[in-house]
Amino acid sequence: MKTFTLANTINPQEIFNGGLSILNTNSEITQLLNHAKSIVENCFGSSIEDITHDNDLDLDHFVASADKSKTRFTDGEDTKELLISLIKSRYAPELLQHALFDKPRLRIIPNSNFLSSGISYNYKPHRDTWYGGTEEQINHWMSLHNVTPETTFYVSPEYFDKEFENNSEIFDLDQWDVKFRKKASSNVKAEDRPHPTPLKDLPESARYRIVIPRGNEFVFSGHQFHGSSANETNLVRFSIDYRVVLQGDGFTFPKNIDNKASGDFKKQMYSIK
């Protein structure tokens with residue numbers, strides 16, 4: 001298994017080699033997390049601590065509140081400014097001129113028997129390249145609230161350089177953006193959008209669950225095999241993730257070993273200004 005490193009800034013080549021990194025907290029990540037928490041509480045009309053499955057959540061209200069929270073966070077100009085400040089604190093200045101980033105995502109995952117599709121889809125084991133990502137991609141993930149061993153996501157680093165049989169040929173990112181992305185809130189009882197999935201089971205022993213304190217970032221290659229754990233608790237898990245692509249010839253990127261998806265991920269990304 002690849003080792004975890006604890007750091008303040010990114011070592012991109014280490015990540016592209018399959019390394020896993022936990023970044024220490026700083027003022028920039030604290031501001032982004034507080035901003036997300038404020039949006040959630042405004043949209044749900046209650047403190048984030050009170051949003052639990054024990055509250056006899058109304059499904060329609062939950063979907064509407066979660067959808068509003070995610071949209072406000074992801075599309076907000078203030079969110080974008082806070083994210084740029086965070087990225088600048090994590091990457092060396094000479095890398096920023098080659099960096100692209102996408103809109104950050106707010107994940108809201110309740111008990112999986114309550115909702116596990118659409119806006120709270122439990123991602124099956126995958127590489128982000130199966131979703132049209134690039135091999136130059138670095139993923140950032142952080143806890144907002146209620147991330148526990150029973151609710152978190154996992155990585156499977158032993159499959160970093162091992163082919164895993166999958167159906168990623170069904171996924172076209174350009175088509176997804178036009179036809180399927182905005183259907184998340186209407187996929188409530190079942191997920192009928194075309195997600196790429198593995199064609200065999202991933203052993204439970206290969207799933208390393210990520211639990212880090214609020215204020216830290218977990219960083220890994222988009223080529224890493226990872227997925228969402230089913231939430232079997234009464235807690236609603238809130239987390240944030242975003243992606244950075246480093247362009248140029250200064251790095252050795254992972255090789256595509258099993259991706260057959262199509263589409264242009266970079267068209268969704270922004271340059272650092």
# chains A, B, ... in the order shown; residues from 1 in each chain; ligands from 1
$ select_by_dssp --residues "range 68-212 of chain A" --states "alpha helix (DSSP H)" --output "ChimeraX atom specification"
/A:68-75,77-90,93-96,173-175
$ closest_atom_pairs --of "range 89-204 of chain A" --to "range 42-56 of chain A" --cutoff "9 Å" --atoms "only C-alpha atoms" --output "Markdown table"
| residue | atom | partner | partner_atom | distance |
| --- | --- | --- | --- | --- |
| A:Pro110 | CA | A:His53 | CA | 7.1 |
| A:Asn111 | CA | A:His53 | CA | 6.8 |
| A:Phe114 | CA | A:His53 | CA | 8.2 |
| A:His145 | CA | A:Ile48 | CA | 7.7 |
| A:Asn146 | CA | A:Glu49 | CA | 8.5 |
$ residues_around --residues "range 220-222 of chain A" --least-positions-apart "4" --cutoff "8 Å" --atoms "only C-alpha atoms" --output "MDAnalysis selection string"
chainID A and resid 15:16 18:21 127:129 133:140
$ atom_distance --atom1 "CA of Pro149 in chain A" --atom2 "CA of Ser69 in chain A"
24.3 Å
$ residues_around --residues "range 248-259 of chain A" --least-positions-apart "4" --cutoff "12 Å" --atoms "only C-alpha atoms" --output "VMD selection string"
chain A and resid 11 to 19 94 to 100 126 to 138 159 to 172 196 to 199 220 to 225 263
$ closest_residue --among "A:Met142, A:Lys266, A:Thr233, A:Phe153" --to "Val245 in chain A" --atoms "only C-alpha atoms"
A:Lys266
$ closest_residue --among "A:Asp241, A:Asp264, A:Asp177, A:Asp201" --to "Leu106 in chain A" --atoms "only C-alpha atoms"
A:Asp241
$ closest_residue --among "A:Tyr123, A:Ile10, A:Val211, A:Ala230" --to "Ile87 in chain A" --atoms "only C-alpha atoms"
A:Ile10
$ closest_residue --among "A:Arg237, A:Ser228, A:Glu28, A:Val155" --to "Arg90 in chain A" --atoms "only C-alpha atoms"
A:Glu28
$ residues_around --residues "Ile210 in chain A" --least-positions-apart "4" --cutoff "12 Å" --atoms "only C-alpha atoms" --output "count of residues only"
27
